[in-house]
>>> print(open('protein34.csv').read())   # CSV, C-alpha atoms
chain,number,residue,atom,x,y,z
A,1,MET,CA,-88.9,105.5,-78.5
A,2,THR,CA,-87.8,107.2,-81.7
A,3,PRO,CA,-89.3,110.5,-82.5
A,4,SER,CA,-91.1,111.2,-85.7
A,5,PHE,CA,-88.5,112.8,-88.0
A,6,ALA,CA,-89.5,115.2,-90.6
A,7,HIS,CA,-87.0,113.7,-93.1
A,8,ALA,CA,-85.5,110.3,-93.5
A,9,SER,CA,-82.0,111.8,-93.6
A,10,GLU,CA,-82.6,113.1,-90.1
A,11,ALA,CA,-83.4,109.6,-89.0
A,12,GLU,CA,-80.2,108.3,-90.6
A,13,MET,CA,-78.2,111.1,-88.8
A,14,ALA,CA,-79.8,110.1,-85.5
A,15,ARG,CA,-78.7,106.5,-86.1
A,16,ILE,CA,-75.1,107.7,-86.8
A,17,LEU,CA,-75.1,109.9,-83.6
A,18,ASP,CA,-76.5,106.9,-81.6
A,19,PHE,CA,-73.7,104.7,-83.1
A,20,TYR,CA,-71.0,107.0,-81.9
A,21,ALA,CA,-72.7,107.6,-78.5
A,22,VAL,CA,-73.3,111.2,-79.1
A,23,ARG,CA,-76.4,112.3,-77.2
A,24,TRP,CA,-79.0,114.3,-79.1
A,25,VAL,CA,-82.3,115.9,-78.7
A,26,TYR,CA,-84.6,116.4,-81.6
A,27,GLU,CA,-85.8,120.0,-82.1
A,28,PRO,CA,-85.8,121.0,-78.5
A,29,HIS,CA,-85.6,124.7,-79.1
A,30,THR,CA,-87.3,127.2,-81.3
A,31,PHE,CA,-85.6,130.5,-81.9
A,32,PRO,CA,-87.8,133.4,-83.0
A,33,ILE,CA,-86.0,135.3,-85.7
A,34,LEU,CA,-88.5,137.8,-87.0
A,35,TRP,CA,-91.3,139.9,-85.4
A,36,ASN,CA,-94.0,142.1,-86.7
A,37,LEU,CA,-94.7,145.6,-85.5
A,38,GLU,CA,-96.9,144.3,-82.8
A,39,GLY,CA,-94.0,142.3,-81.5
A,40,GLU,CA,-95.5,139.0,-82.5
A,41,VAL,CA,-93.1,136.3,-83.8
A,42,VAL,CA,-93.7,135.8,-87.5
A,43,GLU,CA,-90.7,133.6,-88.3
A,44,SER,CA,-88.7,131.2,-86.2
A,45,PHE,CA,-86.1,128.5,-86.6
A,46,SER,CA,-85.9,125.1,-84.9
A,47,PRO,CA,-82.6,123.4,-85.6
A,48,ASP,CA,-83.1,119.6,-86.1
A,49,PHE,CA,-80.7,118.4,-83.4
A,50,TRP,CA,-79.3,119.7,-80.2
A,51,LEU,CA,-76.1,117.9,-79.1
A,52,PRO,CA,-76.0,118.7,-75.3
A,53,ASP,CA,-72.6,117.3,-74.6
A,54,LEU,CA,-71.1,119.3,-77.5
A,55,ASP,CA,-73.3,122.4,-76.8
A,56,CYS,CA,-74.2,122.8,-80.5
A,57,TYR,CA,-77.1,122.4,-82.9
A,58,LEU,CA,-77.2,120.5,-86.1
A,59,GLU,CA,-79.4,121.4,-89.0
A,60,MET,CA,-79.9,119.0,-91.8
A,61,THR,CA,-80.5,120.5,-95.3
A,62,THR,CA,-80.9,117.9,-97.9
A,63,LEU,CA,-83.6,119.7,-99.7
A,64,ARG,CA,-83.8,121.5,-103.0
A,65,GLN,CA,-81.5,124.5,-103.6
A,66,LYS,CA,-84.3,127.0,-103.4
A,67,LEU,CA,-85.2,125.8,-99.9
A,68,VAL,CA,-81.5,125.7,-99.0
A,69,ARG,CA,-81.2,129.4,-99.8
A,70,LYS,CA,-84.2,130.1,-97.5
A,71,LYS,CA,-82.6,128.1,-94.7
A,72,ASN,CA,-79.3,129.8,-95.2
A,73,ARG,CA,-81.0,133.1,-94.8
A,74,LYS,CA,-82.8,132.0,-91.6
A,75,LEU,CA,-79.5,130.7,-90.3
A,76,ARG,CA,-77.7,134.0,-90.9
A,77,ARG,CA,-80.5,135.7,-89.1
A,78,LEU,CA,-80.3,133.3,-86.2
A,79,ARG,CA,-76.5,133.9,-85.9
A,80,GLU,CA,-77.0,137.6,-85.9
A,81,LEU,CA,-79.6,137.4,-83.1
A,82,TYR,CA,-78.0,134.6,-81.1
A,83,PRO,CA,-74.2,134.8,-81.6
A,84,ALA,CA,-73.5,132.5,-78.7
A,85,VAL,CA,-75.5,129.7,-80.3
A,86,THR,CA,-73.5,127.3,-82.4
A,87,VAL,CA,-75.4,125.8,-85.4
A,88,LYS,CA,-73.7,123.5,-87.9
A,89,LEU,CA,-75.5,123.3,-91.2
A,90,PHE,CA,-75.3,120.0,-92.8
A,91,TYR,CA,-75.9,120.3,-96.6
A,92,ALA,CA,-76.9,117.6,-99.1
A,93,ARG,CA,-73.3,117.3,-100.2
A,94,ASP,CA,-72.2,116.8,-96.6
A,95,PHE,CA,-74.7,114.0,-96.2
A,96,ARG,CA,-73.6,112.5,-99.5
A,97,ALA,CA,-70.0,112.5,-98.3
A,98,LEU,CA,-71.0,110.9,-95.0
A,99,MET,CA,-72.8,108.2,-96.8
A,100,LEU,CA,-69.9,107.7,-99.1
A,101,LYS,CA,-67.6,107.4,-96.2
A,102,TYR,CA,-69.8,104.8,-94.6
A,103,GLY,CA,-70.3,102.9,-97.8
A,104,LYS,CA,-74.0,103.7,-98.0
A,105,LEU,CA,-74.0,105.9,-101.0
A,106,ALA,CA,-76.9,104.0,-102.4
A,107,LEU,CA,-79.0,105.5,-99.7
A,108,VAL,CA,-78.4,109.0,-100.8
A,109,ASP,CA,-80.9,109.0,-103.7
A,110,ALA,CA,-83.5,107.5,-101.5
A,111,LEU,CA,-83.0,110.0,-98.6
A,112,SER,CA,-82.2,113.2,-100.4
A,113,GLY,CA,-84.7,115.8,-101.5
A,114,SER,CA,-88.4,115.9,-101.0
A,115,SER,CA,-88.7,112.2,-101.6
A,116,GLY,CA,-87.1,111.7,-98.3
A,117,GLN,CA,-89.9,113.4,-96.4
A,118,THR,CA,-92.0,110.3,-95.7
A,119,THR,CA,-92.6,110.5,-92.0
A,120,PRO,CA,-95.2,112.4,-90.1
A,121,PRO,CA,-94.6,116.2,-89.5
A,122,ARG,CA,-92.5,117.2,-86.6
A,123,GLY,CA,-94.2,118.0,-83.4
A,124,SER,CA,-96.8,115.3,-84.0
A,125,THR,CA,-95.7,113.1,-81.2
A,126,SER,CA,-94.0,113.3,-78.0
A,127,THR,CA,-91.9,110.5,-76.6
A,128,LEU,CA,-89.5,110.5,-73.6
A,129,PRO,CA,-89.7,113.2,-71.1
A,130,ILE,CA,-86.7,115.5,-70.9
A,131,ASP,CA,-85.2,117.9,-68.5
A,132,ALA,CA,-85.4,121.4,-69.8
A,133,PRO,CA,-82.1,122.0,-71.6
A,134,ALA,CA,-80.2,124.5,-69.6
A,135,VAL,CA,-77.2,125.2,-71.8
A,136,LEU,CA,-78.3,128.4,-73.4
A,137,ASP,CA,-76.9,131.3,-71.5
A,138,VAL,CA,-78.1,133.8,-74.1
A,139,ALA,CA,-81.3,135.8,-73.8
A,140,ILE,CA,-83.8,134.2,-76.0
A,141,PRO,CA,-87.1,136.1,-76.8
A,142,ALA,CA,-90.3,134.4,-75.9
A,143,VAL,CA,-91.0,131.3,-77.8
A,144,PRO,CA,-94.4,131.3,-79.6
A,145,ALA,CA,-97.0,129.3,-77.7
A,146,ALA,CA,-97.5,126.9,-80.6
A,147,ALA,CA,-93.8,126.1,-80.7
A,148,SER,CA,-93.4,125.8,-77.0
A,149,ALA,CA,-96.4,123.5,-76.7
A,150,ALA,CA,-94.5,120.9,-78.7
A,151,ARG,CA,-92.6,118.8,-76.2
A,152,PRO,CA,-89.0,118.1,-77.1
A,153,ARG,CA,-88.2,114.6,-77.8
A,154,GLN,CA,-85.1,112.9,-76.5
A,155,ARG,CA,-83.2,109.8,-77.1
A,156,ALA,CA,-81.2,109.0,-74.0
A,157,LEU,CA,-77.8,107.5,-74.3
A,158,PRO,CA,-75.1,106.5,-71.8
A,159,ALA,CA,-72.8,109.5,-71.3
A,160,ALA,CA,-69.7,107.4,-71.7
A,161,PRO,CA,-68.7,104.2,-73.5
A,162,ALA,CA,-69.1,100.9,-71.7
A,163,PRO,CA,-66.3,99.7,-69.5
A,164,GLU,CA,-63.3,98.0,-71.0
A,165,GLY,CA,-63.9,94.5,-72.1
A,166,THR,CA,-67.6,94.7,-72.7
A,167,ARG,CA,-67.4,95.8,-76.3
B,1,MET,CA,-51.6,85.0,-116.1
B,2,THR,CA,-53.4,87.6,-113.9
B,3,GLN,CA,-54.3,91.0,-115.1
B,4,GLU,CA,-52.3,93.7,-113.5
B,5,ILE,CA,-54.5,96.3,-111.8
B,6,ASP,CA,-53.1,99.8,-111.3
B,7,LEU,CA,-55.0,101.5,-108.5
B,8,ARG,CA,-53.2,104.8,-109.4
B,9,GLU,CA,-55.4,105.0,-112.4
B,10,ASP,CA,-58.4,105.6,-110.1
B,11,ILE,CA,-56.7,108.7,-108.7
B,12,GLY,CA,-58.0,111.9,-110.4
B,13,GLU,CA,-55.5,114.2,-108.6
B,14,VAL,CA,-52.6,113.7,-106.3
B,15,LEU,CA,-53.2,115.9,-103.3
B,16,LEU,CA,-50.0,115.1,-101.4
B,17,THR,CA,-46.9,113.5,-102.9
B,18,GLU,CA,-44.8,111.0,-101.1
B,19,GLU,CA,-42.1,113.6,-100.6
B,20,GLN,CA,-44.6,116.1,-99.0
B,21,ILE,CA,-46.0,113.4,-96.7
B,22,GLN,CA,-42.5,112.2,-95.6
B,23,GLY,CA,-41.3,115.8,-95.0
B,24,LYS,CA,-44.3,116.5,-92.8
B,25,VAL,CA,-43.9,113.3,-90.9
B,26,ARG,CA,-40.3,114.2,-90.1
B,27,GLU,CA,-41.5,117.7,-89.0
B,28,LEU,CA,-44.1,116.2,-86.8
B,29,GLY,CA,-41.7,113.7,-85.4
B,30,ALA,CA,-39.3,116.4,-84.4
B,31,ARG,CA,-41.9,118.5,-82.8
B,32,ILE,CA,-43.3,115.6,-80.8
B,33,SER,CA,-39.8,114.6,-79.7
B,34,ASP,CA,-39.1,118.1,-78.5
B,35,ASP,CA,-42.4,118.4,-76.7
B,36,TYR,CA,-42.1,115.0,-74.9
B,37,ARG,CA,-38.4,115.0,-74.3
B,38,GLY,CA,-37.5,113.5,-70.9
B,39,ARG,CA,-41.0,111.9,-70.7
B,40,ARG,CA,-42.3,108.5,-71.6
B,41,LEU,CA,-44.7,108.6,-74.5
B,42,THR,CA,-47.2,106.0,-75.7
B,43,LEU,CA,-48.5,106.3,-79.3
B,44,VAL,CA,-51.9,104.9,-79.8
B,45,SER,CA,-52.7,104.2,-83.5
B,46,VAL,CA,-56.3,103.9,-84.8
B,47,LEU,CA,-56.5,101.0,-87.2
B,48,LYS,CA,-56.6,100.6,-90.0
B,49,GLY,CA,-56.1,103.9,-91.8
B,50,SER,CA,-53.4,105.3,-89.6
B,51,LEU,CA,-51.1,102.3,-89.9
B,52,PRO,CA,-48.6,103.8,-92.5
B,53,PHE,CA,-48.6,107.1,-90.7
B,54,MET,CA,-47.9,105.4,-87.4
B,55,ALA,CA,-45.1,103.3,-88.9
B,56,ASP,CA,-43.4,106.4,-90.3
B,57,LEU,CA,-44.1,108.8,-87.4
B,58,MET,CA,-42.7,106.4,-84.7
B,59,ARG,CA,-39.5,106.2,-86.6
B,60,ALA,CA,-39.3,110.0,-86.9
B,61,ILE,CA,-39.5,110.4,-83.1
B,62,ASP,CA,-36.2,110.2,-81.4
B,63,ILE,CA,-37.3,109.7,-77.8
B,64,PRO,CA,-38.4,106.4,-76.2
B,65,VAL,CA,-41.9,105.5,-77.2
B,66,ARG,CA,-44.3,102.6,-76.6
B,67,ILE,CA,-46.8,101.9,-79.3
B,68,ASP,CA,-50.3,100.4,-79.0
B,69,LEU,CA,-53.1,99.8,-81.5
B,70,MET,CA,-56.8,100.2,-81.4
B,71,GLU,CA,-59.6,99.5,-83.8
B,72,VAL,CA,-63.2,100.5,-83.6
B,73,SER,CA,-66.1,99.5,-85.8
B,74,SER,CA,-67.4,102.0,-88.3
B,75,TYR,CA,-71.0,103.0,-88.9
B,76,GLY,CA,-72.3,101.0,-91.8
B,77,GLY,CA,-69.3,98.8,-91.8
B,78,THR,CA,-71.6,95.9,-92.4
B,79,ALA,CA,-75.3,95.7,-92.9
B,80,THR,CA,-75.7,94.5,-89.4
B,81,GLU,CA,-73.7,97.4,-88.0
B,82,SER,CA,-76.0,100.1,-89.2
B,83,SER,CA,-77.7,100.2,-85.9
B,84,GLY,CA,-76.4,99.9,-82.3
B,85,LEU,CA,-73.2,101.3,-80.9
B,86,VAL,CA,-69.7,101.6,-82.0
B,87,ARG,CA,-67.6,98.6,-80.8
B,88,ILE,CA,-64.0,98.3,-79.8
B,89,LEU,CA,-62.7,95.7,-82.2
B,90,LYS,CA,-59.2,95.8,-80.8
B,91,ASP,CA,-58.4,97.3,-77.4
B,92,LEU,CA,-55.2,98.5,-76.0
B,93,SER,CA,-52.8,95.7,-75.0
B,94,ALA,CA,-51.3,97.6,-72.0
B,95,SER,CA,-52.4,100.0,-69.4
B,96,ILE,CA,-52.1,103.7,-70.2
B,97,ALA,CA,-52.8,104.9,-66.6
B,98,ASP,CA,-50.5,107.8,-65.7
B,99,GLU,CA,-48.9,107.7,-69.1
B,100,ASP,CA,-48.5,110.4,-71.6
B,101,VAL,CA,-50.6,109.3,-74.6
B,102,LEU,CA,-50.7,110.6,-78.1
B,103,ILE,CA,-53.5,109.3,-80.4
B,104,VAL,CA,-52.1,108.9,-83.9
B,105,ASP,CA,-54.9,109.2,-86.5
B,106,ASP,CA,-54.8,109.4,-90.3
B,107,ILE,CA,-57.7,111.8,-90.8
B,108,ILE,CA,-60.2,113.8,-88.8
B,109,ASP,CA,-63.3,114.7,-90.7
B,110,THR,CA,-66.6,114.5,-88.7
B,111,GLY,CA,-64.7,113.8,-85.5
B,112,LEU,CA,-67.2,111.3,-84.4
B,113,THR,CA,-64.9,108.3,-84.1
B,114,LEU,CA,-62.2,110.4,-82.4
B,115,ASN,CA,-64.6,111.9,-80.0
B,116,TYR,CA,-65.7,108.4,-79.0
B,117,LEU,CA,-62.1,107.3,-78.6
B,118,ILE,CA,-61.1,110.3,-76.5
B,119,ARG,CA,-63.9,109.6,-74.1
B,120,TYR,CA,-63.0,105.9,-74.0
B,121,LEU,CA,-59.3,106.5,-73.4
B,122,ARG,CA,-59.8,109.2,-70.8
B,123,GLY,CA,-61.6,106.5,-68.8
B,124,LYS,CA,-58.3,104.8,-68.6
B,125,ASN,CA,-56.7,107.7,-66.7
B,126,PRO,CA,-53.7,108.7,-68.8
B,127,ALA,CA,-51.6,111.5,-67.4
B,128,THR,CA,-52.1,113.4,-70.7
B,129,LEU,CA,-54.0,112.7,-73.8
B,130,ARG,CA,-53.2,114.5,-77.0
B,131,ILE,CA,-54.1,114.2,-80.7
B,132,CYS,CA,-51.9,113.9,-83.8
B,133,THR,CA,-53.5,113.6,-87.2
B,134,LEU,CA,-51.9,113.6,-90.6
B,135,LEU,CA,-54.9,115.1,-92.3
B,136,ASP,CA,-57.6,117.4,-91.1
B,137,LYS,CA,-60.7,118.0,-93.1
B,138,PRO,CA,-62.4,120.8,-91.0
B,139,ALA,CA,-65.2,121.3,-93.5
B,140,ARG,CA,-66.8,118.0,-92.4
B,141,ARG,CA,-66.5,118.6,-88.7
B,142,LEU,CA,-69.5,117.7,-86.6
B,143,VAL,CA,-67.6,117.4,-83.3
B,144,GLU,CA,-65.1,120.0,-82.5
B,145,ILE,CA,-61.9,118.4,-81.2
B,146,PRO,CA,-58.7,120.3,-80.2
B,147,VAL,CA,-55.9,118.8,-82.3
B,148,ASP,CA,-52.4,119.2,-81.0
B,149,TYR,CA,-50.4,118.1,-84.1
B,150,THR,CA,-51.8,118.5,-87.6
B,151,GLY,CA,-50.0,117.5,-90.7
B,152,PHE,CA,-52.1,118.9,-93.5
B,153,ILE,CA,-55.4,120.7,-93.6
B,154,ILE,CA,-57.1,119.4,-96.8
B,155,PRO,CA,-60.1,120.5,-98.8
B,156,ASP,CA,-63.4,118.8,-98.8
B,157,ARG,CA,-62.6,116.0,-101.2
B,158,PHE,CA,-62.8,112.3,-100.9
B,159,VAL,CA,-59.2,111.1,-100.5
B,160,VAL,CA,-57.5,107.8,-100.5
B,161,GLY,CA,-54.0,106.4,-100.1
B,162,TYR,CA,-51.3,106.3,-97.4
B,163,GLY,CA,-53.7,104.3,-95.3
B,164,LEU,CA,-57.0,105.8,-96.4
B,165,ASP,CA,-59.3,103.5,-98.2
B,166,TYR,CA,-62.3,103.2,-100.3
B,167,GLY,CA,-63.9,99.7,-100.0
B,168,GLU,CA,-60.7,98.6,-98.2
B,169,PHE,CA,-58.5,99.3,-101.2
B,170,TYR,CA,-56.0,102.1,-102.0
B,171,ARG,CA,-54.5,102.0,-98.5
B,172,ASN,CA,-51.1,101.0,-100.0
B,173,LEU,CA,-50.7,104.0,-102.2
B,174,ARG,CA,-47.7,106.1,-101.2
B,175,VAL,CA,-49.5,109.3,-102.0
B,176,VAL,CA,-52.8,110.9,-100.9
B,177,GLY,CA,-55.0,111.4,-103.8
B,178,VAL,CA,-58.5,112.4,-104.8
B,179,LEU,CA,-60.5,109.4,-105.9
B,180,ARG,CA,-62.2,109.9,-109.3
B,181,PRO,CA,-65.9,110.2,-108.7
B,182,GLU,CA,-66.6,107.5,-111.4
B,183,VAL,CA,-65.0,105.0,-109.1
B,184,TYR,CA,-67.5,105.3,-106.3
B,185,THR,CA,-70.5,106.1,-108.4
B,186,GLU,CA,-70.1,103.1,-110.7
B,187,VAL,CA,-68.9,100.5,-108.2
B,188,ALA,CA,-70.4,100.2,-104.8
B,189,PRO,CA,-68.1,99.0,-102.1
B,190,GLU,CA,-68.7,95.7,-100.3
>>> encode(input="protein34.csv", output="structure tokens")
Amino acid sequence: MTPSFAHASEAEMARILDFYAVRWVYEPHTFPILWNLEGEVVESFSPDFWLPDLDCYLEMTTLRQKLVRKKNRKLRRLRELYPAVTVKLFYARDFRALMLKYGKLALVDALSGSSGQTTPPRGSTSTLPIDAPAVLDVAIPAVPAAASAARPRQRALPAAPAPEGTR
Amino acid sequence: MTQEIDLREDIGEVLLTEEQIQGKVRELGARISDDYRGRRLTLVSVLKGSLPFMADLMRAIDIPVRIDLMEVSSYGGTATESSGLVRILKDLSASIADEDVLIVDDIIDTGLTLNYLIRYLRGKNPATLRICTLLDKPARRLVEIPVDYTGFIIPDRFVVGYGLDYGEFYRNLRVVGVLRPEVYTEVAPE
């Protein structure tokens, strides 16, 4: 079952990853990046995709420039706090280039910017159960209860291509 | 009388001249020959884009080589391929078990196709499996792949020529050039 993506470009990226048999998990981790004086988390960052076989995160940013700057700032903060965590930021221009490469440039206008946000908000549904991802060997401060309550959603794929002769 | 079409007019900037490409191919061929001397090497080319590179590279290598060709479907290749899994359109014609294998690719950008191919070919138990690419566009990388032989690291531009296409055209250009944006914003590929 496909998770509810926050943005249509994320759904397109999920289809691309599926096509190339790259396993992904949608928003499985939330990284606290700012705390108040009482030690409560006041800001956190949940990268869009975790690619377990590649041990990296993918964050899609096809939004307006003002929001991109905010995301860049959060990403810088995340990299300071969690240097062992690899996050690739995928900007609107990257998405456009990808669509150009795949001959789907016409999709860009439909999927870019706020007009692409047509699906229910993230965390609204839960689909397949998932083993707790165990790749992070860095110390991560406690995840806010609200964030940890949202079950990660996973799309399972075979780990390797089908045997020769079946494709 | 048919109208003559000059694809070169669509190139806004020549990124790599024919001389630069051929010089690099000779250099790569010499390095590969040295590295695999005394061994038997199989070059696996990834169609269609790497065809010119493969043709030139194999002739720049002075040790015995076998060649083989593979082709995989591309995401969005047709409307019906926008979902599902990548397909092997053309598989190897001979076994590579216990062979030294070098994948010859034209360009690595996201790394998604090559990542798939590497996993697929590893399943065929080659003795070694290494990567040679003419062009590397690291700014677009989604999947980190260790590349053993790289011709040129290029900027984040949409390039065509020397095997690289847009809408299946421009592959026959002898140079690698940046396609004028008007070409792909005005005319959608098939």
>>> interface_residues(input="protein34.csv", of="chain A", to="chain B", cutoff="8 Å", atoms="only C-alpha atoms", output="PyMOL selection string")
chain A and resi 15-16+18-21+54+88+94+97+100-106+160-161+167
>>> closest_residue(input="protein34.csv", among="B:Leu41, B:Ile108, B:Ile131, B:Ile153", to="Lys24 (chain B)", atoms="all atoms listed in the file")
B:Ile153
>>> closest_residue(input="protein34.csv", among="B:Val104, B:Val159, B:Leu15, B:Ala127", to="Pro52 (chain B)", atoms="all atoms listed in the file")
B:Val104
>>> residues_near_point(input="protein34.csv", point="(-55.1, 117.5, -81.2)", cutoff="8 Å", atoms="all atoms listed in the file", output="list of chain:residue names")
B:Arg130, B:Ile131, B:Cys132, B:Thr133, B:Ile145, B:Pro146, B:Val147, B:Asp148, B:Tyr149, B:Thr150
>>> write_last_selection(input="protein34.csv", atoms="C-alpha atoms", output="PDB file, keeping the file's coordinate frame")
ATOM      1  CA  ARG B 130     -53.200 114.500 -77.000  1.00  0.00           C
ATOM      2  CA  ILE B 131     -54.100 114.200 -80.700  1.00  0.00           C
ATOM      3  CA  CYS B 132     -51.900 113.900 -83.800  1.00  0.00           C
ATOM      4  CA  THR B 133     -53.500 113.600 -87.200  1.00  0.00           C
ATOM      5  CA  ILE B 145     -61.900 118.400 -81.200  1.00  0.00           C
ATOM      6  CA  PRO B 146     -58.700 120.300 -80.200  1.00  0.00           C
ATOM      7  CA  VAL B 147     -55.900 118.800 -82.300  1.00  0.00           C
ATOM      8  CA  ASP B 148     -52.400 119.200 -81.000  1.00  0.00           C
ATOM      9  CA  TYR B 149     -50.400 118.100 -84.100  1.00  0.00           C
ATOM     10  CA  THR B 150     -51.800 118.500 -87.600  1.00  0.00           C
TER      11      THR B 150
END
>>> residues_around(input="protein34.csv", residues="Arg77 (chain A)", least_positions_apart="6", cutoff="10 Å", atoms="all atoms listed in the file", output="list in words")
Pro32, Ile33, Leu34, Ser44, Phe45, Lys71 and Pro83 of chain A
>>> atom_distance(input="protein34.csv", atom1="CA of Met54 (chain B)", atom2="CA of Leu129 (chain B)")
16.6 Å
>>> residues_near_point(input="protein34.csv", point="(-50.3, 102.4, -102.0)", cutoff="10 Å", atoms="all atoms listed in the file", output="PDB file with C-alpha atoms, keeping the file's coordinate frame")
ATOM      1  CA  LEU B   7     -55.000 101.500-108.500  1.00  0.00           C
ATOM      2  CA  ARG B   8     -53.200 104.800-109.400  1.00  0.00           C
ATOM      3  CA  PRO B  52     -48.600 103.800 -92.500  1.00  0.00           C
ATOM      4  CA  VAL B 160     -57.500 107.800-100.500  1.00  0.00           C
ATOM      5  CA  GLY B 161     -54.000 106.400-100.100  1.00  0.00           C
ATOM      6  CA  TYR B 162     -51.300 106.300 -97.400  1.00  0.00           C
ATOM      7  CA  GLY B 163     -53.700 104.300 -95.300  1.00  0.00           C
ATOM      8  CA  LEU B 164     -57.000 105.800 -96.400  1.00  0.00           C
ATOM      9  CA  ASP B 165     -59.300 103.500 -98.200  1.00  0.00           C
ATOM     10  CA  PHE B 169     -58.500  99.300-101.200  1.00  0.00           C
ATOM     11  CA  TYR B 170     -56.000 102.100-102.000  1.00  0.00           C
ATOM     12  CA  ARG B 171     -54.500 102.000 -98.500  1.00  0.00           C
ATOM     13  CA  ASN B 172     -51.100 101.000-100.000  1.00  0.00           C
ATOM     14  CA  LEU B 173     -50.700 104.000-102.200  1.00  0.00           C
ATOM     15  CA  ARG B 174     -47.700 106.100-101.200  1.00  0.00           C
ATOM     16  CA  VAL B 175     -49.500 109.300-102.000  1.00  0.00           C
ATOM     17  CA  VAL B 176     -52.800 110.900-100.900  1.00  0.00           C
TER      18      VAL B 176
END
>>> atom_distance(input="protein34.csv", atom1="CA of Lys137 (chain B)", atom2="CA of Phe152 (chain B)")
8.7 Å
>>> build_atoms(input="protein34.csv", residues="region 53-66 of chain A", atoms="N, CA, C and O atoms", output="PDB file, keeping the file's coordinate frame")
ATOM      1  N   ASP A  53     -73.968 117.451 -75.099  1.00  0.00           N
ATOM      2  CA  ASP A  53     -72.600 117.300 -74.600  1.00  0.00           C
ATOM      3  C   ASP A  53     -71.614 118.178 -75.397  1.00  0.00           C
ATOM      4  O   ASP A  53     -70.519 118.477 -74.922  1.00  0.00           O
ATOM      5  N   LEU A  54     -71.999 118.526 -76.605  1.00  0.00           N
ATOM      6  CA  LEU A  54     -71.100 119.300 -77.500  1.00  0.00           C
ATOM      7  C   LEU A  54     -71.603 120.787 -77.495  1.00  0.00           C
ATOM      8  O   LEU A  54     -70.944 121.648 -78.084  1.00  0.00           O
ATOM      9  N   ASP A  55     -72.755 121.025 -76.893  1.00  0.00           N
ATOM     10  CA  ASP A  55     -73.300 122.400 -76.800  1.00  0.00           C
ATOM     11  C   ASP A  55     -73.433 122.989 -78.217  1.00  0.00           C
ATOM     12  O   ASP A  55     -72.980 124.122 -78.437  1.00  0.00           O
ATOM     13  N   CYS A  56     -73.990 122.260 -79.142  1.00  0.00           N
ATOM     14  CA  CYS A  56     -74.200 122.800 -80.500  1.00  0.00           C
ATOM     15  C   CYS A  56     -75.449 122.218 -81.116  1.00  0.00           C
ATOM     16  O   CYS A  56     -75.952 121.189 -80.658  1.00  0.00           O
ATOM     17  N   TYR A  57     -75.916 122.896 -82.136  1.00  0.00           N
ATOM     18  CA  TYR A  57     -77.100 122.400 -82.900  1.00  0.00           C
ATOM     19  C   TYR A  57     -76.636 121.922 -84.247  1.00  0.00           C
ATOM     20  O   TYR A  57     -75.607 122.355 -84.782  1.00  0.00           O
ATOM     21  N   LEU A  58     -77.438 121.030 -84.790  1.00  0.00           N
ATOM     22  CA  LEU A  58     -77.200 120.500 -86.100  1.00  0.00           C
ATOM     23  C   LEU A  58     -78.418 120.601 -86.948  1.00  0.00           C
ATOM     24  O   LEU A  58     -79.490 120.152 -86.540  1.00  0.00           O
ATOM     25  N   GLU A  59     -78.273 121.241 -88.087  1.00  0.00           N
ATOM     26  CA  GLU A  59     -79.400 121.400 -89.000  1.00  0.00           C
ATOM     27  C   GLU A  59     -79.134 120.674 -90.275  1.00  0.00           C
ATOM     28  O   GLU A  59     -78.138 120.914 -90.952  1.00  0.00           O
ATOM     29  N   MET A  60     -80.021 119.755 -90.616  1.00  0.00           N
ATOM     30  CA  MET A  60     -79.900 119.000 -91.800  1.00  0.00           C
ATOM     31  C   MET A  60     -80.572 119.707 -92.983  1.00  0.00           C
ATOM     32  O   MET A  60     -81.720 120.130 -92.847  1.00  0.00           O
ATOM     33  N   THR A  61     -79.883 119.810 -94.097  1.00  0.00           N
ATOM     34  CA  THR A  61     -80.500 120.500 -95.300  1.00  0.00           C
ATOM     35  C   THR A  61     -80.224 119.647 -96.494  1.00  0.00           C
ATOM     36  O   THR A  61     -79.237 119.833 -97.188  1.00  0.00           O
ATOM     37  N   THR A  62     -81.097 118.705 -96.728  1.00  0.00           N
ATOM     38  CA  THR A  62     -80.900 117.900 -97.900  1.00  0.00           C
ATOM     39  C   THR A  62     -82.027 118.161 -98.934  1.00  0.00           C
ATOM     40  O   THR A  62     -82.374 117.334 -99.756  1.00  0.00           O
ATOM     41  N   LEU A  63     -82.519 119.366 -98.863  1.00  0.00           N
ATOM     42  CA  LEU A  63     -83.600 119.700 -99.700  1.00  0.00           C
ATOM     43  C   LEU A  63     -83.177 120.416-100.999  1.00  0.00           C
ATOM     44  O   LEU A  63     -81.989 120.538-101.262  1.00  0.00           O
ATOM     45  N   ARG A  64     -84.125 120.879-101.774  1.00  0.00           N
ATOM     46  CA  ARG A  64     -83.800 121.500-103.000  1.00  0.00           C
ATOM     47  C   ARG A  64     -83.108 122.876-102.772  1.00  0.00           C
ATOM     48  O   ARG A  64     -83.268 123.491-101.712  1.00  0.00           O
ATOM     49  N   GLN A  65     -82.371 123.337-103.796  1.00  0.00           N
ATOM     50  CA  GLN A  65     -81.500 124.500-103.600  1.00  0.00           C
ATOM     51  C   GLN A  65     -82.319 125.741-103.205  1.00  0.00           C
ATOM     52  O   GLN A  65     -81.857 126.528-102.373  1.00  0.00           O
ATOM     53  N   LYS A  66     -83.515 125.882-103.749  1.00  0.00           N
ATOM     54  CA  LYS A  66     -84.300 127.000-103.400  1.00  0.00           C
ATOM     55  C   LYS A  66     -84.619 127.073-101.898  1.00  0.00           C
ATOM     56  O   LYS A  66     -84.574 128.122-101.241  1.00  0.00           O
TER      57      LYS A  66
END
